[in-house]
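Coordinates from entry-v8.cif are shown below (mmCIF, C-alpha atoms and all ligand atoms).
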data_structure
#
loop_
_atom_site.label_atom_id
_atom_site.label_comp_id
_atom_site.auth_asym_id
_atom_site.auth_seq_id
_atom_site.Cartn_x
_atom_site.Cartn_y
_atom_site.Cartn_z
CA MET A 1 -8.84 15.33 17.95
CA ALA A 2 -8.57 15.82 14.18
CA ARG A 3 -11.07 15.29 11.36
CA ILE A 4 -9.32 12.83 9.08
CA ILE A 5 -10.17 11.54 5.60
CA VAL A 6 -8.87 8.12 4.55
CA THR A 7 -9.39 7.53 0.82
CA GLY A 8 -9.41 3.83 -0.02
CA GLY A 9 -10.37 3.36 3.64
CA ALA A 10 -12.33 0.15 3.04
CA GLY A 11 -9.29 -1.57 1.52
CA PHE A 12 -6.61 -3.69 3.16
CA ILE A 13 -4.29 -0.99 4.58
CA GLY A 14 -7.01 1.68 4.71
CA SER A 15 -9.32 -0.31 6.98
CA HIS A 16 -6.52 -0.95 9.49
CA LEU A 17 -5.62 2.74 9.34
CA CYS A 18 -9.23 3.87 9.99
CA ALA A 19 -9.40 1.59 13.05
CA ARG A 20 -6.07 2.83 14.41
CA LEU A 21 -6.98 6.52 13.93
CA LEU A 22 -10.27 5.98 15.78
CA THR A 23 -8.41 4.45 18.73
CA HIS A 24 -6.30 7.62 18.81
CA GLY A 25 -9.54 9.60 19.31
CA HIS A 26 -9.87 11.11 15.83
CA GLU A 27 -12.96 11.50 13.62
CA VAL A 28 -12.58 9.43 10.47
CA LEU A 29 -14.32 9.85 7.12
CA CYS A 30 -13.65 6.77 5.00
CA LEU A 31 -14.07 7.29 1.23
CA ASP A 32 -14.17 4.28 -1.05
CA ASN A 33 -15.69 3.20 -4.37
CA PHE A 34 -15.47 -0.48 -3.28
CA PHE A 35 -13.45 -1.56 -6.30
CA THR A 36 -11.18 -3.75 -4.17
CA GLY A 37 -12.37 -2.57 -0.76
CA ARG A 38 -15.22 -4.15 1.18
CA ARG A 39 -17.78 -2.84 3.65
CA GLN A 40 -16.99 -5.91 5.74
CA ASN A 41 -13.47 -4.54 6.37
CA VAL A 42 -14.93 -1.57 8.27
CA ALA A 43 -18.12 -3.25 9.57
CA SER A 44 -16.78 -3.30 13.14
CA LEU A 45 -16.25 0.49 13.00
CA MET A 46 -19.78 1.39 11.87
CA SER A 47 -21.20 1.67 15.39
CA ASN A 48 -18.55 4.24 16.33
CA THR A 49 -20.09 7.74 16.03
CA ALA A 50 -16.66 9.14 15.14
CA PHE A 51 -16.62 6.98 11.98
CA GLU A 52 -18.38 7.71 8.69
CA LEU A 53 -18.30 5.63 5.51
CA MET A 54 -19.03 7.31 2.16
CA ARG A 55 -19.18 5.67 -1.26
CA HIS A 56 -17.13 8.05 -3.34
CA ASP A 57 -14.83 7.76 -6.35
CA VAL A 58 -11.81 10.03 -5.89
CA THR A 59 -11.70 10.79 -9.62
CA PHE A 60 -14.63 13.14 -8.83
CA PRO A 61 -14.27 16.28 -6.69
CA LEU A 62 -15.49 16.34 -3.11
CA TYR A 63 -16.40 19.26 -0.87
CA VAL A 64 -16.08 18.47 2.85
CA GLU A 65 -14.15 19.98 5.77
CA THR A 66 -11.08 18.17 7.07
CA ASP A 67 -7.77 18.55 8.92
CA GLN A 68 -5.81 15.63 7.45
CA ILE A 69 -6.07 13.43 4.35
CA TYR A 70 -4.47 10.02 3.89
CA ASN A 71 -4.75 9.36 0.13
CA LEU A 72 -4.72 5.57 -0.22
CA ALA A 73 -7.35 5.07 -2.93
CA CYS A 74 -5.89 2.92 -5.72
CA PRO A 75 -5.91 -0.83 -6.36
CA ALA A 76 -2.50 -2.18 -5.32
CA SER A 77 -2.39 -5.70 -6.71
CA PRO A 78 -1.16 -6.14 -10.32
CA VAL A 79 -4.23 -8.25 -11.16
CA HIS A 80 -6.59 -5.50 -10.01
CA TYR A 81 -4.73 -2.45 -11.29
CA GLN A 82 -4.33 -4.06 -14.72
CA PHE A 83 -8.05 -4.94 -14.92
CA ASP A 84 -8.99 -1.37 -15.96
CA PRO A 85 -5.66 0.40 -16.50
CA VAL A 86 -7.22 3.69 -17.65
CA GLN A 87 -9.23 3.90 -14.43
CA THR A 88 -6.04 3.09 -12.45
CA THR A 89 -4.20 6.06 -13.94
CA LYS A 90 -7.26 8.26 -13.43
CA THR A 91 -7.50 7.17 -9.80
CA SER A 92 -3.88 8.10 -9.12
CA VAL A 93 -3.78 11.31 -11.16
CA HIS A 94 -7.31 12.77 -10.98
CA GLY A 95 -7.61 11.40 -7.45
CA ALA A 96 -4.44 13.25 -6.42
CA ILE A 97 -5.63 16.47 -8.09
CA ASN A 98 -9.01 16.28 -6.34
CA MET A 99 -7.55 15.50 -2.92
CA LEU A 100 -4.83 18.14 -3.29
CA GLY A 101 -7.53 20.65 -4.27
CA LEU A 102 -9.47 19.70 -1.15
CA ALA A 103 -6.31 20.08 0.97
CA LYS A 104 -5.65 23.48 -0.61
CA ARG A 105 -9.13 24.79 0.20
CA THR A 106 -9.18 23.39 3.76
CA ARG A 107 -5.40 23.86 4.42
CA ALA A 108 -5.36 20.21 5.55
CA LYS A 109 -2.18 18.13 5.76
CA ILE A 110 -2.14 15.48 3.04
CA LEU A 111 -0.25 12.20 2.80
CA GLN A 112 0.16 10.23 -0.43
CA ALA A 113 0.45 6.44 -0.36
CA SER A 114 3.12 6.14 -3.03
CA THR A 115 4.96 2.94 -3.77
CA SER A 116 8.26 1.19 -4.30
CA GLU A 117 6.96 0.70 -7.87
CA VAL A 118 8.15 4.25 -8.62
CA TYR A 119 11.63 2.62 -8.70
CA GLY A 120 10.45 0.12 -11.36
CA ASP A 121 12.98 -2.67 -11.96
CA PRO A 122 15.67 -0.94 -9.92
CA ALA A 123 19.27 -0.58 -11.03
CA VAL A 124 20.21 0.66 -7.53
CA HIS A 125 19.99 -1.78 -4.64
CA PRO A 126 18.77 -1.32 -1.93
CA GLN A 127 16.50 1.49 -3.11
CA VAL A 128 17.20 4.94 -1.69
CA GLU A 129 14.80 7.84 -2.06
CA SER A 130 17.29 9.77 -4.22
CA TYR A 131 17.18 7.02 -6.91
CA HIS A 132 14.91 8.12 -9.77
CA GLY A 133 13.92 4.64 -10.86
CA ASN A 134 13.75 2.48 -13.97
CA VAL A 135 10.11 2.32 -15.06
CA ASN A 136 8.83 1.14 -18.44
CA PRO A 137 6.31 3.90 -19.31
CA ILE A 138 4.36 1.78 -21.83
CA GLY A 139 4.28 -1.66 -20.18
CA PRO A 140 1.38 -3.38 -18.39
CA ARG A 141 2.51 -2.07 -14.97
CA ALA A 142 2.83 1.53 -16.20
CA CYS A 143 -0.76 2.53 -15.34
CA TYR A 144 0.14 1.98 -11.69
CA ASP A 145 3.82 2.97 -11.66
CA GLU A 146 3.49 6.09 -13.81
CA GLY A 147 0.18 7.03 -12.16
CA LYS A 148 1.92 7.00 -8.78
CA ARG A 149 4.94 8.87 -10.16
CA CYS A 150 2.65 11.57 -11.57
CA ALA A 151 0.83 11.78 -8.23
CA GLU A 152 4.21 12.43 -6.55
CA THR A 153 4.89 15.17 -9.12
CA LEU A 154 1.52 16.78 -8.32
CA PHE A 155 2.20 16.60 -4.58
CA PHE A 156 5.54 18.38 -4.94
CA ASP A 157 4.14 20.99 -7.35
CA TYR A 158 1.29 21.80 -4.91
CA TYR A 159 3.92 22.00 -2.17
CA ARG A 160 6.11 24.43 -4.11
CA GLN A 161 3.33 26.38 -5.82
CA HIS A 162 0.63 26.47 -3.11
CA LYS A 163 2.69 25.80 0.04
CA LEU A 164 0.63 22.74 0.89
CA ARG A 165 1.65 20.58 3.85
CA ILE A 166 2.47 17.34 2.04
CA ARG A 167 3.93 13.97 2.99
CA VAL A 168 4.85 11.26 0.47
CA ALA A 169 5.38 7.69 1.71
CA ARG A 170 6.91 5.14 -0.67
CA ILE A 171 5.38 1.93 0.63
CA PHE A 172 7.11 -1.39 -0.05
CA ASN A 173 5.26 -4.77 -0.17
CA THR A 174 2.94 -4.86 2.84
CA TYR A 175 0.88 -7.84 3.98
CA GLY A 176 -1.49 -8.91 6.72
CA PRO A 177 -5.08 -9.80 7.53
CA ARG A 178 -7.81 -8.45 5.20
CA MET A 179 -5.86 -8.90 1.99
CA LEU A 180 -8.36 -10.32 -0.49
CA PRO A 181 -8.07 -14.10 -0.98
CA ASN A 182 -8.22 -13.57 -4.76
CA ASP A 183 -6.03 -10.51 -4.61
CA GLY A 184 -3.28 -11.98 -6.79
CA ARG A 185 -0.50 -10.67 -4.55
CA VAL A 186 2.13 -13.16 -3.57
CA VAL A 187 1.52 -13.46 0.19
CA SER A 188 -2.25 -13.93 -0.09
CA ASN A 189 -1.90 -16.24 -3.12
CA PHE A 190 0.64 -18.52 -1.43
CA ILE A 191 -1.24 -18.67 1.90
CA VAL A 192 -4.59 -19.46 0.25
CA GLN A 193 -2.95 -22.09 -1.97
CA ALA A 194 -1.13 -23.62 1.02
CA LEU A 195 -4.26 -23.78 3.15
CA LYS A 196 -6.28 -25.39 0.35
CA GLY A 197 -3.47 -27.84 -0.49
CA ASP A 198 -3.34 -26.40 -4.04
CA PRO A 199 -0.05 -26.00 -5.93
CA ILE A 200 1.97 -22.93 -4.93
CA THR A 201 2.41 -20.88 -8.12
CA ILE A 202 5.86 -19.34 -8.37
CA TYR A 203 6.21 -16.97 -11.33
CA GLY A 204 9.63 -17.37 -12.97
CA LYS A 205 12.35 -19.25 -11.10
CA GLY A 206 11.49 -17.68 -7.75
CA ASP A 207 14.86 -15.98 -7.46
CA GLN A 208 13.31 -12.49 -7.65
CA THR A 209 13.28 -10.79 -4.26
CA ARG A 210 10.85 -8.69 -2.23
CA SER A 211 10.90 -7.30 1.32
CA PHE A 212 7.69 -7.82 3.27
CA CYS A 213 6.37 -5.42 5.91
CA TYR A 214 3.60 -6.36 8.34
CA VAL A 215 0.66 -3.94 8.18
CA ASP A 216 0.89 -2.83 11.87
CA ASP A 217 4.48 -1.70 11.33
CA LEU A 218 3.46 0.22 8.23
CA LEU A 219 0.67 2.06 10.11
CA ASN A 220 3.21 3.25 12.71
CA GLY A 221 5.29 4.68 9.89
CA LEU A 222 2.39 6.36 8.08
CA ILE A 223 1.05 7.98 11.25
CA SER A 224 4.54 9.13 12.39
CA LEU A 225 5.03 10.71 8.98
CA MET A 226 1.69 12.51 9.12
CA GLU A 227 2.43 13.72 12.68
CA SER A 228 5.98 14.83 11.91
CA SER A 229 6.91 18.48 11.36
CA ASP A 230 5.90 20.12 8.09
CA ASP A 231 9.46 20.21 6.76
CA VAL A 232 9.36 16.37 6.52
CA THR A 233 7.71 16.09 3.11
CA GLY A 234 9.39 12.85 2.05
CA PRO A 235 9.47 11.01 -0.20
CA ILE A 236 10.32 8.50 2.47
CA ASN A 237 10.61 4.73 2.11
CA LEU A 238 8.44 2.65 4.46
CA GLY A 239 9.09 -1.07 4.33
CA ASN A 240 10.86 -3.92 6.02
CA PRO A 241 14.49 -4.18 4.88
CA VAL A 242 14.65 -7.98 5.33
CA GLU A 243 14.79 -9.34 1.78
CA SER A 244 13.64 -12.83 0.70
CA THR A 245 13.44 -14.62 -2.60
CA ILE A 246 9.96 -15.66 -3.68
CA LEU A 247 11.07 -19.30 -3.45
CA GLU A 248 12.11 -18.78 0.21
CA LEU A 249 8.74 -17.16 0.89
CA ALA A 250 6.89 -20.13 -0.63
CA GLU A 251 8.89 -22.61 1.49
CA LYS A 252 8.31 -20.55 4.65
CA ILE A 253 4.55 -20.43 4.07
CA ILE A 254 4.38 -24.18 3.36
CA ASN A 255 6.24 -24.90 6.63
CA LEU A 256 4.35 -22.42 8.81
CA SER A 257 0.95 -23.59 7.57
CA LYS A 258 2.02 -27.28 7.71
CA SER A 259 0.78 -27.64 4.14
CA SER A 260 1.21 -30.57 1.78
CA SER A 261 1.19 -28.24 -1.27
CA LYS A 262 3.81 -28.67 -3.96
CA ILE A 263 5.54 -25.80 -5.75
CA VAL A 264 4.86 -25.25 -9.48
CA PHE A 265 6.64 -22.77 -11.74
CA LYS A 266 4.67 -20.45 -14.08
CA PRO A 267 5.84 -17.82 -16.57
CA LEU A 268 7.19 -14.58 -15.10
CA PRO A 269 4.88 -11.61 -15.87
CA GLN A 270 6.31 -8.82 -18.08
CA ASP A 271 8.32 -6.10 -16.26
CA ASP A 272 8.27 -8.02 -12.96
CA PRO A 273 11.00 -6.31 -10.87
CA THR A 274 13.93 -8.64 -10.16
CA ARG A 275 14.77 -7.35 -6.71
CA ARG A 276 13.43 -4.95 -4.17
CA ARG A 277 14.59 -3.86 -0.73
CA PRO A 278 14.10 -0.47 0.90
CA ASP A 279 16.90 1.58 2.36
CA ILE A 280 15.05 2.94 5.41
CA THR A 281 17.83 5.13 6.84
CA LYS A 282 15.70 8.22 6.25
CA ALA A 283 12.65 6.80 8.06
CA ARG A 284 14.89 5.65 10.94
CA GLU A 285 16.55 9.04 11.28
CA THR A 286 13.61 11.40 10.71
CA LEU A 287 10.70 9.38 12.14
CA ASN A 288 12.57 7.09 14.53
CA TRP A 289 10.68 4.31 12.75
CA ASN A 290 11.71 0.69 12.56
CA PRO A 291 9.57 -2.27 11.55
CA LYS A 292 9.35 -4.69 14.49
CA VAL A 293 7.28 -7.70 13.37
CA PRO A 294 9.47 -10.56 12.07
CA LEU A 295 8.29 -12.20 8.83
CA GLU A 296 7.45 -15.53 10.55
CA ASP A 297 5.22 -13.79 13.14
CA GLY A 298 3.43 -11.66 10.57
CA LEU A 299 2.93 -14.66 8.29
CA MET A 300 1.52 -16.74 11.18
CA ARG A 301 -1.02 -13.99 12.00
CA THR A 302 -1.97 -13.76 8.32
CA ILE A 303 -2.23 -17.54 7.97
CA GLU A 304 -4.58 -17.66 11.00
CA TYR A 305 -6.70 -14.88 9.47
CA PHE A 306 -7.05 -16.74 6.16
CA ARG A 307 -7.68 -20.07 7.91
CA ALA A 308 -10.69 -18.50 9.64
CA ALA A 309 -11.79 -16.54 6.56
CA LEU A 310 -11.74 -19.63 4.32
CA LYS A 311 -13.91 -21.55 6.84
CA ALA A 312 -16.50 -18.74 7.13
P1 LIG B 1 -6.44 -2.26 -1.64
O1 LIG B 1 -6.73 -2.58 -3.06
O2 LIG B 1 -6.88 -3.22 -0.59
O3 LIG B 1 -7.05 -0.84 -1.25
C1 LIG B 1 -7.28 0.19 -2.16
C2 LIG B 1 -8.63 0.81 -1.83
O4 LIG B 1 -8.86 1.92 -2.73
C3 LIG B 1 -9.78 -0.16 -2.02
O5 LIG B 1 -10.63 -0.08 -0.90
C4 LIG B 1 -10.47 0.33 -3.28
O6 LIG B 1 -11.84 0.02 -3.33
C5 LIG B 1 -10.20 1.82 -3.19
N1 LIG B 1 -10.28 2.52 -4.48
C6 LIG B 1 -9.72 2.15 -5.66
N2 LIG B 1 -10.00 3.07 -6.60
C7 LIG B 1 -10.74 4.04 -6.00
C8 LIG B 1 -11.34 5.25 -6.46
N3 LIG B 1 -11.23 5.66 -7.74
N4 LIG B 1 -12.03 5.99 -5.57
C9 LIG B 1 -12.17 5.58 -4.28
N5 LIG B 1 -11.64 4.46 -3.80
C10 LIG B 1 -10.92 3.70 -4.66
O7 LIG B 1 -4.87 -2.00 -1.56
P2 LIG B 1 -3.92 -1.70 -0.31
O8 LIG B 1 -2.87 -2.73 -0.30
O9 LIG B 1 -4.71 -1.45 0.91
O10 LIG B 1 -3.23 -0.35 -0.79
C11 LIG B 1 -3.60 0.92 -0.29
C12 LIG B 1 -2.68 1.98 -0.88
O11 LIG B 1 -1.33 1.71 -0.53
C13 LIG B 1 -2.73 2.05 -2.40
O12 LIG B 1 -2.68 3.40 -2.80
C14 LIG B 1 -1.49 1.32 -2.83
O13 LIG B 1 -1.02 1.79 -4.06
C15 LIG B 1 -0.53 1.67 -1.69
N6 LIG B 1 0.52 0.65 -1.58
C16 LIG B 1 0.23 -0.59 -1.08
C17 LIG B 1 1.24 -1.54 -1.03
C18 LIG B 1 0.99 -2.91 -0.47
O14 LIG B 1 1.90 -3.74 -0.52
N7 LIG B 1 -0.15 -3.23 0.08
C19 LIG B 1 2.53 -1.23 -1.49
C20 LIG B 1 2.76 0.03 -2.02
C21 LIG B 1 1.75 0.97 -2.04
N1 LIG B 2 4.34 -13.96 -7.52
C1 LIG B 2 4.45 -15.35 -7.63
N2 LIG B 2 3.33 -16.10 -7.51
C2 LIG B 2 2.10 -15.57 -7.27
C3 LIG B 2 1.99 -14.16 -7.15
C4 LIG B 2 3.12 -13.40 -7.29
O1 LIG B 2 5.55 -15.87 -7.84
O2 LIG B 2 1.13 -16.34 -7.17
C5 LIG B 2 5.56 -13.14 -7.63
C6 LIG B 2 5.46 -11.97 -8.61
O3 LIG B 2 5.78 -12.38 -9.93
C7 LIG B 2 6.48 -11.02 -8.02
C8 LIG B 2 6.38 -11.26 -6.52
O4 LIG B 2 5.79 -12.55 -6.37
O5 LIG B 2 7.78 -11.35 -8.46
C9 LIG B 2 5.56 -10.22 -5.78
O6 LIG B 2 4.33 -10.10 -6.46
P1 LIG B 2 3.13 -9.17 -5.94
O7 LIG B 2 2.08 -9.20 -7.01
O8 LIG B 2 2.74 -9.58 -4.58
O9 LIG B 2 3.77 -7.73 -5.80
P2 LIG B 2 4.73 -6.81 -6.69
O10 LIG B 2 5.21 -7.56 -7.90
O11 LIG B 2 3.87 -5.66 -7.04
O12 LIG B 2 5.83 -6.52 -5.76
#

Please render this file's structure as structure tokens.
Amino acid sequence: MARIIVTGGAGFIGSHLCARLLTHGHEVLCLDNFFTGRRQNVASLMSNTAFELMRHDVTFPLYVETDQIYNLACPASPVHYQFDPVQTTKTSVHGAINMLGLAKRTRAKILQASTSEVYGDPAVHPQVESYHGNVNPIGPRACYDEGKRCAETLFFDYYRQHKLRIRVARIFNTYGPRMLPNDGRVVSNFIVQALKGDPITIYGKGDQTRSFCYVDDLLNGLISLMESSDDVTGPINLGNPVESTILELAEKIINLSKSSSKIVFKPLPQDDPTRRRPDITKARETLNWNPKVPLEDGLMRTIEYFRAALKA
């Protein structure tokens, strides 16, 4: 049994991760400032004596004892990370420094939730870890993209300079239950719109692509990476390599939810990447990891979650 910190543990991915780690018999300390996370996401864990929830902002230092740190704290949806861009950069950069400092003092293993956004609007397709990316450093997405890139830099400098046991996961678009209904991300937006019968808002022509990974598959990858030998630092892509256009996604969600919603086209946000698909050869070979949940199944589970959540 390990003592594990999950920063951003009350968020979408973090809350699923806390639950999974508890089922593996670990002690979990969930840190969150509740910017996009909710107590409700971890309410079912509160009666477990191996679980502790602490309101904490990772831009401030923390002194606790721990064996492993999953550093997930950071808003992930463009709407939320652009709301207070200075705080977004601080969360990624100061948050990484504080958590790396904690790992250095405790000699804990530490995993960074990095992102496919480090590739920006990629000129290499599908994206391999060796590709250095095409990020606009001064655009509206830069607070997130450059914050995450700097966090990766810090992880590798602590690794080289202080011999820390690091792991860096580059997570591609992940979806599932507990995304916020007003999150602004495409899967939650389209499902909520479809269930309410509202117009489905496609930004641009809908020919941009993304590859969607169901949250359970992602957790398997994150935990395998943390549990792998210390020479596996990453960065390692974790995502589902099945690529769809945003228009195909909209049509799929309308069909699966049996919705009468019509599609409307809105302006494409600045610096919106045109295509994205992970090359997961490295994750397959080093972690023996493969996403298993087909898009239709994952979408159905997410639709059922939102159907119940919207009624509540
Ligand atoms: P989320 O917004 O649901 O979760 C982020 C959590 O971090 C929230 O609970 C939020 O309250 C918390 N948080 C934000 N700033 C904080 C701070 N300063 N101190 C403490 N807590 C703070 O998003 P998510 O989808 O669960 O993403 C989790 C992580 O995975 C993020 O780091 C994100 O960048 C990364 N990621 C997610 C995706 C995805 O598609 N979901 C893709 C790539 C990377
Ligand atoms: N998108 C869309 N309609 C929406 C929300 C998003 O067409 O209501 C598009 C968005 O412009 C992008 C894609 O869907 O091309 C994925 O957007 P999301 O915010 O989910 O993630 P990211 O752009 O960070 O991959």

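Here the question is which of A:Leu219, A:Ala73, A:Ile236, A:Ala194 gets nearest to A:Ser260 using all atoms listed in the file, and that residue is A:Ala194.
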
Pick out the closest residue to ligand LIG 1 (chain B) from this set: A:Val186, A:Leu310, A:Ile200, A:Ile13. Count all atoms listed in the file.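 Result for the nearest residue to ligand LIG 1 (chain B): A:Ile13.
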
Shell around A:Cys150 at 12 Å using only C-alpha atoms, local window under 2 positions removed, as an mmCIF file with C-alpha atoms, in the coordinates of the input:
data_model
loop_
_atom_site.group_PDB
_atom_site.id
_atom_site.type_symbol
_atom_site.label_atom_id
_atom_site.label_comp_id
_atom_site.auth_asym_id
_atom_site.auth_seq_id
_atom_site.Cartn_x
_atom_site.Cartn_y
_atom_site.Cartn_z
ATOM 1 C CA THR A 89 -4.200 6.060 -13.940
ATOM 2 C CA LYS A 90 -7.260 8.260 -13.430
ATOM 3 C CA THR A 91 -7.500 7.170 -9.800
ATOM 4 C CA SER A 92 -3.880 8.100 -9.120
ATOM 5 C CA VAL A 93 -3.780 11.310 -11.160
ATOM 6 C CA HIS A 94 -7.310 12.770 -10.980
ATOM 7 C CA GLY A 95 -7.610 11.400 -7.450
ATOM 8 C CA ALA A 96 -4.440 13.250 -6.420
ATOM 9 C CA ILE A 97 -5.630 16.470 -8.090
ATOM 10 C CA GLN A 112 0.160 10.230 -0.430
ATOM 11 C CA SER A 114 3.120 6.140 -3.030
ATOM 12 C CA THR A 115 4.960 2.940 -3.770
ATOM 13 C CA VAL A 118 8.150 4.250 -8.620
ATOM 14 C CA PRO A 137 6.310 3.900 -19.310
ATOM 15 C CA ALA A 142 2.830 1.530 -16.200
ATOM 16 C CA CYS A 143 -0.760 2.530 -15.340
ATOM 17 C CA TYR A 144 0.140 1.980 -11.690
ATOM 18 C CA ASP A 145 3.820 2.970 -11.660
ATOM 19 C CA GLU A 146 3.490 6.090 -13.810
ATOM 20 C CA GLY A 147 0.180 7.030 -12.160
ATOM 21 C CA LYS A 148 1.920 7.000 -8.780
ATOM 22 C CA GLU A 152 4.210 12.430 -6.550
ATOM 23 C CA THR A 153 4.890 15.170 -9.120
ATOM 24 C CA LEU A 154 1.520 16.780 -8.320
ATOM 25 C CA PHE A 155 2.200 16.600 -4.580
ATOM 26 C CA PHE A 156 5.540 18.380 -4.940
ATOM 27 C CA ASP A 157 4.140 20.990 -7.350
#

Where does chain A meet ligand LIG 2 (chain B) within 9 Å, residue by residue, with the nearest atom pair and distance in Å to one decimal for each, counting only C-alpha atoms and all ligand atoms, listed by chain and rising number, as CSV?
residue,atom,partner,partner_atom,distance
A:Ala76,CA,B:LIG2,O11,7.5
A:Ser77,CA,B:LIG2,O7,5.7
A:Pro78,CA,B:LIG2,O7,5.6
A:Val79,CA,B:LIG2,O7,7.6
A:Ser116,CA,B:LIG2,O12,8.2
A:Glu117,CA,B:LIG2,O11,7.1
A:Arg141,CA,B:LIG2,O11,8.8
A:Phe172,CA,B:LIG2,O12,7.8
A:Asn173,CA,B:LIG2,O12,5.9
A:Thr174,CA,B:LIG2,O8,8.8
A:Tyr175,CA,B:LIG2,O8,8.9
A:Asp183,CA,B:LIG2,O7,8.6
A:Gly184,CA,B:LIG2,C3,5.7
A:Arg185,CA,B:LIG2,O8,3.4
A:Val186,CA,B:LIG2,C3,3.7
A:Val187,CA,B:LIG2,O8,6.3
A:Ser188,CA,B:LIG2,O8,8.0
A:Asn189,CA,B:LIG2,O2,5.1
A:Phe190,CA,B:LIG2,O2,6.2
A:Gln193,CA,B:LIG2,O2,8.8
A:Ile200,CA,B:LIG2,O2,7.0
A:Thr201,CA,B:LIG2,O2,4.8
A:Ile202,CA,B:LIG2,O1,3.5
A:Tyr203,CA,B:LIG2,O1,3.7
A:Gly204,CA,B:LIG2,O1,6.7
A:Lys205,CA,B:LIG2,O1,8.3
A:Gly206,CA,B:LIG2,O1,6.2
A:Asp207,CA,B:LIG2,O5,8.5
A:Gln208,CA,B:LIG2,O5,5.7
A:Thr209,CA,B:LIG2,O5,6.9
A:Arg210,CA,B:LIG2,O12,6.5
A:Ser211,CA,B:LIG2,O12,8.7
A:Thr245,CA,B:LIG2,C8,8.7
A:Ile246,CA,B:LIG2,O4,5.9
A:Leu247,CA,B:LIG2,O1,7.8
A:Ala250,CA,B:LIG2,O1,8.5
A:Phe265,CA,B:LIG2,O1,8.0
A:Lys266,CA,B:LIG2,O1,7.8
A:Pro267,CA,B:LIG2,O3,8.6
A:Leu268,CA,B:LIG2,O3,5.8
A:Pro269,CA,B:LIG2,O3,6.1
A:Gln270,CA,B:LIG2,O3,8.9
A:Asp272,CA,B:LIG2,O5,5.6
A:Pro273,CA,B:LIG2,O5,6.4
A:Thr274,CA,B:LIG2,O5,6.9
A:Arg275,CA,B:LIG2,O5,8.2
A:Arg276,CA,B:LIG2,O12,7.9

With C-alpha atoms kept, could you save the residues just selected as a compact mmCIF listing (two decimals), keeping the file's coordinate frame?
# COMPACT_ATOMS: atom_id res chain seq x y z
CA ALA A 76 -2.50 -2.18 -5.32
CA SER A 77 -2.39 -5.70 -6.71
CA PRO A 78 -1.16 -6.14 -10.32
CA VAL A 79 -4.23 -8.25 -11.16
CA SER A 116 8.26 1.19 -4.30
CA GLU A 117 6.96 0.70 -7.87
CA ARG A 141 2.51 -2.07 -14.97
CA PHE A 172 7.11 -1.39 -0.05
CA ASN A 173 5.26 -4.77 -0.17
CA THR A 174 2.94 -4.86 2.84
CA TYR A 175 0.88 -7.84 3.98
CA ASP A 183 -6.03 -10.51 -4.61
CA GLY A 184 -3.28 -11.98 -6.79
CA ARG A 185 -0.50 -10.67 -4.55
CA VAL A 186 2.13 -13.16 -3.57
CA VAL A 187 1.52 -13.46 0.19
CA SER A 188 -2.25 -13.93 -0.09
CA ASN A 189 -1.90 -16.24 -3.12
CA PHE A 190 0.64 -18.52 -1.43
CA GLN A 193 -2.95 -22.09 -1.97
CA ILE A 200 1.97 -22.93 -4.93
CA THR A 201 2.41 -20.88 -8.12
CA ILE A 202 5.86 -19.34 -8.37
CA TYR A 203 6.21 -16.97 -11.33
CA GLY A 204 9.63 -17.37 -12.97
CA LYS A 205 12.35 -19.25 -11.10
CA GLY A 206 11.49 -17.68 -7.75
CA ASP A 207 14.86 -15.98 -7.46
CA GLN A 208 13.31 -12.49 -7.65
CA THR A 209 13.28 -10.79 -4.26
CA ARG A 210 10.85 -8.69 -2.23
CA SER A 211 10.90 -7.30 1.32
CA THR A 245 13.44 -14.62 -2.60
CA ILE A 246 9.96 -15.66 -3.68
CA LEU A 247 11.07 -19.30 -3.45
CA ALA A 250 6.89 -20.13 -0.63
CA PHE A 265 6.64 -22.77 -11.74
CA LYS A 266 4.67 -20.45 -14.08
CA PRO A 267 5.84 -17.82 -16.57
CA LEU A 268 7.19 -14.58 -15.10
CA PRO A 269 4.88 -11.61 -15.87
CA GLN A 270 6.31 -8.82 -18.08
CA ASP A 272 8.27 -8.02 -12.96
CA PRO A 273 11.00 -6.31 -10.87
CA THR A 274 13.93 -8.64 -10.16
CA ARG A 275 14.77 -7.35 -6.71
CA ARG A 276 13.43 -4.95 -4.17

Taking 2 positions as the minimum chain separation for residues in the same chain, which residues sit within 12 Å of stretch 56-61 of chain A when counting only C-alpha atoms? Answer as a PyMOL selection string. chain A and resi 5-10+29-35+37+53-54+63-64+71-74+86-103

Separation of atom CA of A:Asn290 from atom C5 of ligand LIG 1 (chain B), in Å and rounded to one decimal: 27.0 Å

For ligand LIG 1 (chain B), which residue out of A:Ala108, A:Leu238, A:Ala19, A:Val128 is the nearest one, using only C-alpha atoms and all ligand atoms? A:Leu238

Shell of 6 Å around A:Arg167, only C-alpha atoms, local chain residues under 2 positions omitted, as a ChimeraX atom specification: /A:111,233-234

Mind giving me the straight-line distance from atom CA of A:Arg165 to atom CA of A:Thr286 in Å, one decimal?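 Atom CA of A:Arg165 sits 16.6 Å away from atom CA of A:Thr286.
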
What is the atom CA of A:Ala312 to atom CA of A:Gly176 distance in Å? 17.9 Å

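Compared by their closest atoms to A:Leu225, and using all atoms listed in the file, the residues A:Lys163, A:Lys258, A:Arg170, A:Arg149 rank with A:Arg170 nearest.
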
Dump as a list in words all residues having an atom at most 10 Å from (-12.5, 1.1, 18.5), computed in the file's coordinates with only C-alpha atoms.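 Nearby residues: Cys18, Ala19, Arg20, Leu21, Leu22, Thr23, His24, Gly25, Ser44, Leu45, Met46, Ser47, Asn48, Ala50 and Phe51 of chain A.
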
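For the set A:Ile171, A:Ile4, A:Val293, A:Ile303, the residue with the smallest atom-to-atom gap to ligand LIG 1 (chain B) is A:Ile171, counting all atoms listed in the file.
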